[in-house]
Structure formats: C-alpha cells, structure tokens
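Notes to accompany the following structure.
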Amino acid sequence: MNTDVFNQLSSLVRERSGLVLTPDKGYLLESRLLPVARKWAQKSVDELSALLRSKPDPKLIRDIVEAMTTNESFFFRDIKPFDQFKSLVLPHLLKKRAAAKSIRIWSAACSSGQEPYSLAMILNEHKLQLSGWKVEIIATDLSTEILDKARAGQYSQFEVQRGLPIQLLVKYFKQEGDRWQIDAAIRSMVAFRPFNLLEDLGSLGRFDVIFCRNVLIYFDQPTKAKVLDGMSRQLAPDGHLYLGGAETVLGITDKLQPLPEHRGIYVQATPAAVPARAAAG
C-alpha cells in the first residue's frame, strides 16, 4: 500500500468516524480492508482505493468505515467497572430516582453487545428492587453489521468464556449447536441503534449513566473534547460517565471531573455533582 492510498483511506475513516490511523497502522488498514476489497470484486486494497476514487458509492464508504471501526468486546470487561456499577452507582440511582422510577443508560460504541447485555444481567439480578421501574439501556454503534450481531445475541464458546461468570452463562444463555443464545428477556432490555459519536448527541436524550469505554483512545484531542462535551450535556446533573482505564477527561474538558477514589468514573464538574460524589463516598 503506497502513501497516497493510506492517506486517502485514513482520511476518509477519520472524517466519517473520528478514528485516527497513524502511518504505523498501515498493516491494520490492509488487513481490515482486504475483505472489503474482495466483497467489491477488487483484488487488493489499492484497487479498492482506485474504485473509491472513480465511484464514491455511499455503500462502499460505509463498508470501509465500518470495517475500520469494529472493535472487539467481551462480557464484564475489566470487571471492576461493573462491580462499581453494582455497589456504587445502582444504589445511588435506586435512592435518587425513587420518585421518578426511571433509569436511562447509554452504552456508546457497544460493538457486538457484550457490554449492554452485561449491564442488563446486573439489572435483572435486581429486578425485585426495580419492580415498577422504567429501565432503558440504549446501545449504539457506528457499524450496522455489528449491531445486527448484537441484536441476535448469539455468541461463540470463546466469546462466552471471556469474562462471563459460569452462573450467569447457565442462567441466561442456552446452547444451540456451537453457539450460545442469550435469553430473550435480557435481549429485550437493550435497544440497539446506529449512531455516530461525531453527530449531535442531543437526539439521544438525557442519561443517568453513560458507558463510553475504550473509544476515546482512537480519537485526536479535538474530537475527544467534542465527544466529552456532548456527553456532559446529555448526562444527568448527578450522573456517572465510565471511560476506559487508559482514558481521562483531564486536560481535555473542564465540564467533567474524576469521581474521587473511583478510577474510571467521571461526574459533572459543577456543584450539582457534589451530592453524587457524597453518596458515592
């Protein structure tokens, strides 16, 4: 792949998704886009590039962007954020939303669905406490193909072995051949929809909890600031934002701040956030 081809394709991906590909990621571009090239009857990524120049078909552009932005996921990834959700955030919501009896959660860049389904299983384990409540889990991703997989709720043996406790596998999954099908009740708790984080987040509404883990690491600084500022506007005054272990708001936005003593959780940097921090402590 020559420099012109790399620059053309990486610029397209950056413009449409915010994903920054540095020159040392040429191998990733090649490996991810070769199947796309074959799908479009091209023998190589160079030929795919030439096709894109001559015929910028919106479907071709979508296939290229989705191939580069589809990342792996697994159940209860890094476990601690989900433990924090159970022991810290959910009790706060049960107390503070007792009158409204409503909770809204957003799983941003949800990939193949393991994160929102992990949250759904946790909430289902507390269904007696949440009886009569309206609980919404909105899960979004740029890739329509990966969302189809998420909606289907079918996972391989390898996928269910990555982070999923055996008791939850037995309780919420049924083996069908070499695949594991998640329970319909859990699937019904999650609403999947296509969404680009570069768009106006206002259309999604306000959330009590936002999970946006291991996403910002792929963006440049201005894009990170844009996404975080947008999420701050959609986060409830006492809401909680989860980022990945290698991500932070520090030096990027002054609208959010870390929740003291709880790594990876962020709250509004306003007086309205103080009750949430006090409750968390």
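By order of appearance in the structure tokens: chains A, B, ..., then residues from 1 within every chain, and ligands from 1 in the order shown.
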Q: Write out as a list in words which residues come within 12 Å of Ile61 in chain A when counting only C-alpha atoms, dropping same-chain ones fewer than 3 positions away.
A: Gln8, Leu9, Ser10, Ser11, Leu12, Val13, Glu15, Arg16, Ser17, Leu33, Val36, Ala37, Trp40, Leu48, Ser49, Leu51, Leu52, Arg53, Lys55, Pro56, Asp57, Pro58, Ile64, Val65, Glu66, Ala67, Met68 and Ser143 of chain A
Selected residues written out, N, CA and C atoms, as a short mmCIF file (atom, residue, chain, number, x, y, z; two decimals), in the first residue's frame:
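Result file out-v6.cif:
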data_model
loop_
_atom_site.label_atom_id
_atom_site.label_comp_id
_atom_site.auth_asym_id
_atom_site.auth_seq_id
_atom_site.Cartn_x
_atom_site.Cartn_y
_atom_site.Cartn_z
N GLN A 8 -5.48 8.54 1.63
CA GLN A 8 -6.86 8.64 1.16
C GLN A 8 -7.81 7.90 2.09
N LEU A 9 -7.47 6.64 2.42
CA LEU A 9 -8.36 5.81 3.21
C LEU A 9 -8.40 6.24 4.68
N SER A 10 -7.23 6.58 5.22
CA SER A 10 -7.21 7.00 6.62
C SER A 10 -7.93 8.33 6.81
N SER A 11 -7.85 9.22 5.81
CA SER A 11 -8.56 10.50 5.89
C SER A 11 -10.07 10.29 5.84
N LEU A 12 -10.50 9.36 4.99
CA LEU A 12 -11.93 9.04 4.91
C LEU A 12 -12.44 8.51 6.24
N VAL A 13 -11.69 7.58 6.83
CA VAL A 13 -12.10 6.98 8.10
C VAL A 13 -12.12 8.03 9.21
N GLU A 15 -12.53 11.32 8.86
CA GLU A 15 -13.61 12.26 8.61
C GLU A 15 -14.97 11.69 9.01
N ARG A 16 -15.18 10.41 8.73
CA ARG A 16 -16.50 9.82 8.96
C ARG A 16 -16.69 9.26 10.37
N SER A 17 -15.60 8.91 11.07
CA SER A 17 -15.75 8.26 12.37
C SER A 17 -14.96 8.89 13.51
N LEU A 33 -9.32 -4.05 5.42
CA LEU A 33 -9.99 -3.65 4.18
C LEU A 33 -9.85 -4.66 3.05
N VAL A 36 -13.10 -6.24 2.46
CA VAL A 36 -14.00 -5.28 1.81
C VAL A 36 -13.70 -5.21 0.32
N ALA A 37 -12.39 -5.21 0.00
CA ALA A 37 -12.00 -5.19 -1.41
C ALA A 37 -12.58 -6.40 -2.15
N TRP A 40 -16.21 -6.20 -2.91
CA TRP A 40 -16.48 -5.31 -4.03
C TRP A 40 -15.75 -5.74 -5.30
N LEU A 48 -9.21 -1.22 -4.40
CA LEU A 48 -10.35 -0.67 -3.68
C LEU A 48 -10.26 0.85 -3.63
N SER A 49 -9.05 1.35 -3.40
CA SER A 49 -8.81 2.78 -3.37
C SER A 49 -9.14 3.42 -4.72
N LEU A 51 -11.19 2.25 -6.96
CA LEU A 51 -12.64 2.19 -7.13
C LEU A 51 -13.32 3.33 -6.39
N LEU A 52 -12.83 3.60 -5.19
CA LEU A 52 -13.40 4.67 -4.37
C LEU A 52 -13.21 6.03 -5.04
N ARG A 53 -12.06 6.21 -5.68
CA ARG A 53 -11.79 7.48 -6.37
C ARG A 53 -12.72 7.66 -7.57
N LYS A 55 -15.60 5.95 -8.14
CA LYS A 55 -17.02 5.76 -7.84
C LYS A 55 -17.23 5.79 -6.32
N PRO A 56 -17.35 6.97 -5.73
CA PRO A 56 -17.52 7.07 -4.27
C PRO A 56 -18.91 6.65 -3.80
N ASP A 57 -19.21 5.39 -4.00
CA ASP A 57 -20.52 4.84 -3.62
C ASP A 57 -20.71 4.92 -2.11
N PRO A 58 -21.84 5.48 -1.63
CA PRO A 58 -22.08 5.58 -0.18
C PRO A 58 -21.99 4.22 0.53
N ILE A 64 -16.17 0.52 4.22
CA ILE A 64 -14.79 0.84 4.60
C ILE A 64 -14.74 1.35 6.04
N VAL A 65 -15.62 2.29 6.36
CA VAL A 65 -15.61 2.89 7.71
C VAL A 65 -15.98 1.85 8.76
N GLU A 66 -17.00 1.04 8.48
CA GLU A 66 -17.42 0.04 9.46
C GLU A 66 -16.33 -1.02 9.67
N ALA A 67 -15.62 -1.38 8.62
CA ALA A 67 -14.55 -2.37 8.77
C ALA A 67 -13.44 -1.86 9.68
N MET A 68 -13.19 -0.56 9.64
CA MET A 68 -12.10 0.01 10.44
C MET A 68 -12.53 0.35 11.86
N SER A 143 -21.35 0.82 13.32
CA SER A 143 -21.46 -0.30 12.37
C SER A 143 -22.84 -0.96 12.44
#
(Q) Could you go through range 48-258 of chain A and tell me which residues DSSP, when run on the backbone, assigns to alpha helix (DSSP H), listing them as an MDAnalysis selection string? (A) chainID A and resid 48:54 58:69 80:84 90:96 114:125 144:152 157:161 166:172 184:187 221:234
Q: Please identify all polymer residues within 10 Å of Thr3 in chain A, counting only C-alpha atoms, omitting same-chain residues fewer than 4 positions from it, and present them as a ChimeraX atom specification.
A: /A:7-8,23,26
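Among the candidates A:Leu94, A:Leu250, A:Leu197, A:Ala50, the one nearest to Ser107 in chain A when counting only C-alpha atoms is A:Leu197.
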**Q.** Backbone DSSP call of strand (DSSP E) for range 33-174 of chain A, listed as a ChimeraX atom specification
**A.** /A:102-107,134-141,154-156,173-174
**Q.** Selection: 12 Å around Glu115 in chain A, only C-alpha atoms, excl. self and same-chain fewer than 3 positions, as a ChimeraX atom specification
**A.** /A:72-79,81-82,105-112,118-122,137-141,150,153,163-164,190,192,210-214,242
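Summary of the local environment: counting only C-alpha atoms, residues at most 10 Å from range 124-135 of chain A, other than itself and those fewer than 5 positions away along its chain, are Lys86, Leu90, Leu94, Arg97, Ala98, Ala99, Ala100, Lys101, Ser102, Ile103, Arg104, Ile105, Ser118, Leu119, Leu168, Ala185, Ile186, Met189 and Val190 of chain A.
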**Q.** Å distance separating CA of Asp200 in chain A from CA of Pro237 in chain A, one decimal place
**A.** 19.2 Å
Q | Nearest to Leu243 in chain A, chosen from A:Leu88, A:Lys80, A:Arg179, A:Ser188, with only C-alpha atoms counted in the distances | A | A:Lys80
Excluding Gly202 in chain A and any residue of its chain fewer than 2 positions from it, enumerate the residues within 10 Å of it, using only C-alpha atoms, and give them as a short mmCIF file (atom, residue, chain, number, x, y, z; two decimals) with C-alpha atoms, in the first residue's frame.
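Saved result, selection.cif, follows:
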data_model
loop_
_atom_site.label_atom_id
_atom_site.label_comp_id
_atom_site.auth_asym_id
_atom_site.auth_seq_id
_atom_site.Cartn_x
_atom_site.Cartn_y
_atom_site.Cartn_z
CA GLU A 199 -23.10 13.62 15.39
CA ASP A 200 -25.20 15.77 17.74
CA LEU A 204 -30.41 10.51 22.23
CA GLY A 205 -31.84 12.33 25.24
CA ARG A 206 -30.52 12.53 28.80
CA GLY A 230 -21.50 16.44 24.19
CA MET A 231 -21.75 13.63 26.73
CA ARG A 233 -24.67 17.87 28.10
CA GLN A 234 -26.57 14.58 27.93
#
